[in-house]
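Asker: Can you keep this structure in mind? I'll have questions shortly.
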Amino acid sequence: MYPGKILRPVKVSFVSTYPPRQCGIATFCSDLLHSMKQLFGIGENNEGEHNSFEVIALKKANETDNYGREVSFHIRDQHHNDYQRAADFINLSPVDAVLIQHEFGIFGGEDGNYINYLLGNLKKPAITILHTVLEDPTPGQKQTMIRICEHSFSVVVMAQAAVDILKRVYNVPENKILLIPHGSPDVPFLDSSYYKDQFQAEGRKLLLTFGLLGPSKGLEFAIEAMEDVVKFHPDALYIILGATHPEVKRRYGEAYRHKLEKMVFDRGLEKNITFYNQYVSLERLVQFLVATDVYITPYLSREQITSGTLAYALACGKAIVSTPYIYAEELLADDRGCLVPFRDSNKMAEAVIKLLDDEALRNRMRKNSYQHGRQMIWKEVARNYATAIEQARLNYSAMITRPAPETDVTERAIIPEVKLKHLRAITDDTGLLQHCVFSVPDRNHGYCTDDNARGLIVAVMHWRLFEDEAINPLLKTYLSFLYHAFNEKNSRMRNFMGYDRSWLEEAGSEDSHGRALWALGYIIAHPPNNAYLGLANRLFKEAIEIALSFTSPRAWAFAIIGANYYLRRFGGDALVRRIMAELGEKLLGLFRQNCAEDWYWAEDVVAYENARLTQALIVAGNYLDYPEMFDTGSKSLKWLVDIQTNPESGHLSLVGNDGWYRRGGQKARFDQQSVDATALIDACYQAFAITGSDYWFRTMEWAFNWFFGSNDVHQPLYEFSGGGCYDGLQPGGINQNQGGESVVSFLLALQRVHLVTHQNLFPEQLNMIRKE
């Protein structure tokens with residue numbers, strides 16, 4: 001930490017979650033901001049000489065905007081453009097520095113990497129406060145953290161162990177790392193009996209755990225420990241204080257809390273354990289802490305590098321029993337607490353009983369904790385941050401070095417926001433309608449499995465990008481359509497359904513079956529919840545084996561792509577792996593038989609969704625470690641790009657559906673379809689993700705711009721106002737209809753490009769993203 005006096009009041013932008021959102025990061029930011037206001041004598045409404053503090057609040061799509069006056073800008077956490085706009089906003093603000101609270105889960109993108117779109121565009125010194133520093137990160141987490149540290153003027157950690165990890169694991173220079181303790185309230189050293197009457201605990205020994213509830217807290221082991229504790233201290237009362245974590249509640253409801261309550265009931269501990277399902281004010285929390293005799297943190301993760309609840313308990317002078325996560329080992333050293341093994345309720349009970357039995361030991365531990373905690377009170381912590389900000393202000397221009405510019409498709413390609421307005425308009429409670437007259441749904445043609453399968457992938461990708469609950473109705477509709485499309489009598493997908501909901505066939509095309517497998521595999525790889533996973537998995541396993549009897553190369557390809565996604569979750573499934581291998585051999589065999597130097601293709605005609613064949617060989621060759629298969633896919637994809645490049649202007653000129661391209665003949669130029677551009681984009685993405693070659697990255701971007709006028713009629717197919725897509729290119733211009741296939745194909749391409757920026761693809765991460 002920095003010693004010395006404050007040079008002058010500082011002006012700061014805070015980037016963080018913020019109250020009324022209920023999370024520890026939001027509370028920390030609010031406490032730090034108000035402590036810095038007090039340090040400089042600024043009123044709570046920013047009255048006074050220095051209107052110096054603003055908050056850039058991270059919010060989820062479904063959260064309200066009920067913030068205080070200090071919040072001046074909102075970032076929707078799953079919208080990467082918002083981070084760039086926030087950087088522009090901050091750059092125009094008269095602030096000295098930016099304080100960013102970092103926890104992987106509060107930022108959008110794979111492993112929270114959207115924060116780097118803000119950091120990379122800032123023209124102010126950024127000090128990033130790291131609430132999590134992982135010793136064993138995934139490749140994506142490591143890359144995200146390295147970029148954060150590169151972009152930041154300095155990074156703050158709250159434990160010496162975190163300093164060591166940053167240097168050893170992430171190669172962060174020591175002079176860039178600041179050690180500033182977690183802040184805590186300034187509470188007098190009071191006897192625990194002071195507030196016990198407020199909790200009906202007079203004359204009883206009070207134990208406490210507080211914080212947002214979730215399975216990682218390990219509270220079941222503390223409850224088990226209480227069985228032994230009450231044998232020796234039958235008057236002991238254990239209070240579990242805190243609401244269920246909002247994200248846990250969203251995904252699982254109150255299942256964890258109900259499990260804990262049942263444990264208490266089954267053990268007959270209702271008089272000794274009580275739950276306060278509340279997110280309490282600081283004043284009320286202090287009363288709970290003061291009344292506590294023994295504080296317990298039974299957390300399960302060794303990697304936890306900070307804990308606001310433990311910091312508060314220590315600063316209030318509590319005797320503490322904790323599992324040995326990294327922060328607890330450091331904070332409770334020198335007889336400031338008792339450490340017990342993870343998941344060991346017997347040892348936890350022994351430690352609690354020992355402290356309750358020995359008042360002298362308990363008081364000695366309390367004093368040690370309180371004395372150590374004096375450096376952690378918010379006044380001192382705010383002073384350290386203010387000095388760090390002043391140092392950043394003075395040295396930023398001289399010392400800052402920016403990382404090399406990142407390769408980013410947003411620098412060269414047009415990337416609009418994802419709009420689902422038109423998709424919703426042509427989806428009813430049955431499914432996605434096939435065709436439109438202009439932009440109006442044409443009910444005469446009903447529905448098809450092909451488009452609903454693509455629609456399902458769009459919905460799942462949208463969830464991955466934005467975690468937007470509003471996508472669930474579409475996702476359920478498309479998945480339900482596929483479930484209904486499966487004919488159990490012949491194990492085949494039906495394809496065409498009339499507007500009256502009657503199936504027009506008992507078995508659809510092999511291609512439609514393959515597309516359904518593709519979509520089911522994708523949702524299995526990236527399920528928004530376990531219910532979707534369960535149904536998709538069941539349907540996939542019922543539908544996959546018959547693909548071995550298919551004769552359509554595109555059906556093989558889609559089945560391979562779906563199997564690749566499936567195996568990323570269930571890699572031990574020998575049957576699906578065998579099916580992928582057999583279909584891959586069939587497809588590779590066509591290339592072996594048909595390829596020549598001037599015609600590197602599996603058939604004598606280049607027809608529709610051609611790049612799916614190359615994509616299948618690429619993913620199967622990579623997954624099966626089959627170099628010939630992978631190389632054939634890559635070489636044939638390069639050949640497809642070459643034959644579809646306009647020789648004069650160099651733009652993408654797809655093989656038209658009005659005649660296709662037959663061996664020895666002329667390439668049809670018109671009735672070019674969005675579905676073919678999307679297939680090419682997806683295949684290039686897979687090649688780039690596996691090889692890291694900039695050629696595939698640039699080619700993906702080149703193909704994407706086909707939708708925006710870089711095509712044979714020099715007109716955009718994207719309809720900007722509603723998010724639709726015109727049906728194709730004709731000699732006289734664009735086809736004005738906006739049918740289902742076109743809109744889902746465009747959205748798949750758009751989302752794929754968004755996911756490239758979402759994943760922040762760098763060579764160090766390529767092994768990780770091969771799951772795509």
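The chains in the structure tokens are called A, B, ... from first to last as shown; in each chain the residues are counted from 1, and the ligands are counted from 1 in the order shown.
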Stretch 298-523 of chain A: which residues are strand (DSSP E) by DSSP, as a PyMOL selection string?
Answerer: chain A and resi 319-322+338-339+433-437+440-448+486-487+492-493+496-497
Asker: Could you save the residues just selected, with C-alpha atoms, as a JSON list (two decimals), in the first residue's frame?
Answerer:
```json
[["chain", "number", "residue", "atom", "x", "y", "z"],
["A", 319, "ALA", "CA", -13.22, -15.19, 17.25],
["A", 320, "ILE", "CA", -13.32, -16.99, 13.90],
["A", 321, "VAL", "CA", -13.45, -20.59, 12.70],
["A", 322, "SER", "CA", -12.79, -21.02, 8.99],
["A", 338, "CYS", "CA", -8.88, -21.29, 13.86],
["A", 339, "LEU", "CA", -8.50, -23.12, 10.56],
["A", 433, "LEU", "CA", -42.80, -19.72, -40.40],
["A", 434, "GLN", "CA", -40.94, -20.57, -43.59],
["A", 435, "HIS", "CA", -41.72, -17.67, -45.88],
["A", 436, "CYS", "CA", -42.69, -14.03, -46.01],
["A", 437, "VAL", "CA", -44.24, -11.77, -48.61],
["A", 440, "VAL", "CA", -45.23, -10.20, -43.73],
["A", 441, "PRO", "CA", -45.42, -13.90, -42.72],
["A", 442, "ASP", "CA", -46.87, -16.08, -45.47],
["A", 443, "ARG", "CA", -48.99, -18.72, -43.74],
["A", 444, "ASN", "CA", -49.56, -20.68, -46.95],
["A", 445, "HIS", "CA", -46.24, -22.46, -46.59],
["A", 446, "GLY", "CA", -46.37, -23.32, -42.91],
["A", 447, "TYR", "CA", -43.25, -24.42, -41.06],
["A", 448, "CYS", "CA", -40.20, -26.62, -41.51],
["A", 486, "PHE", "CA", -39.25, -36.51, -34.33],
["A", 487, "ASN", "CA", -41.20, -39.54, -35.51],
["A", 492, "ARG", "CA", -36.72, -39.79, -38.45],
["A", 493, "MET", "CA", -37.35, -36.07, -38.30],
["A", 496, "PHE", "CA", -42.70, -29.81, -43.48],
["A", 497, "MET", "CA", -45.73, -28.87, -41.40]]
```
Asker: Quick one: residues within 9 Å of A:Ser301, only C-alpha atoms, excluding same-chain residues fewer than 6 positions away - as a PDB file with N, CA and C atoms, in the first residue's frame?
Answerer:
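Everything below was put into selection06.pdb:
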```
ATOM      1  N   SER A 216     -21.496 -22.968  -2.825  1.00  0.00           N
ATOM      2  CA  SER A 216     -20.063 -22.860  -2.543  1.00  0.00           C
ATOM      3  C   SER A 216     -19.768 -22.445  -1.105  1.00  0.00           C
ATOM      4  N   LYS A 217     -20.788 -22.044  -0.368  1.00  0.00           N
ATOM      5  CA  LYS A 217     -20.571 -21.551   1.001  1.00  0.00           C
ATOM      6  C   LYS A 217     -20.293 -22.675   1.989  1.00  0.00           C
ATOM      7  N   THR A 323     -12.557 -22.537   7.152  1.00  0.00           N
ATOM      8  CA  THR A 323     -11.811 -23.467   6.313  1.00  0.00           C
ATOM      9  C   THR A 323     -10.597 -22.721   5.742  1.00  0.00           C
ATOM     10  N   PRO A 324      -9.574 -23.472   5.307  1.00  0.00           N
ATOM     11  CA  PRO A 324      -8.293 -22.830   4.948  1.00  0.00           C
ATOM     12  C   PRO A 324      -8.211 -22.361   3.495  1.00  0.00           C
ATOM     13  N   TYR A 325      -9.179 -21.550   3.047  1.00  0.00           N
ATOM     14  CA  TYR A 325      -9.004 -20.928   1.740  1.00  0.00           C
ATOM     15  C   TYR A 325      -7.894 -19.887   1.848  1.00  0.00           C
ATOM     16  N   ILE A 326      -7.364 -19.457   0.709  1.00  0.00           N
ATOM     17  CA  ILE A 326      -6.124 -18.676   0.703  1.00  0.00           C
ATOM     18  C   ILE A 326      -6.240 -17.424   1.570  1.00  0.00           C
ATOM     19  N   PHE A 342     -11.301 -28.498   4.905  1.00  0.00           N
ATOM     20  CA  PHE A 342     -12.506 -28.375   4.094  1.00  0.00           C
ATOM     21  C   PHE A 342     -13.399 -29.596   4.299  1.00  0.00           C
TER      22      PHE A 342
END
```
Asker: Can you tell me which residues surround A:Arg538 at a distance of at most 10 Å, considering only C-alpha atoms, apart from same-chain residues fewer than 4 positions away, and format the answer as a ChimeraX atom specification?
Answerer: /A:483,520,533-534,542-543
Asker: Taking only C-alpha atoms into account, name the residue in A:Leu548, A:Ala581, A:Leu474, A:Ala536 that is nearest to A:Leu517.
Answerer: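 Distance minimum relative to A:Leu517 lands on A:Ala536.
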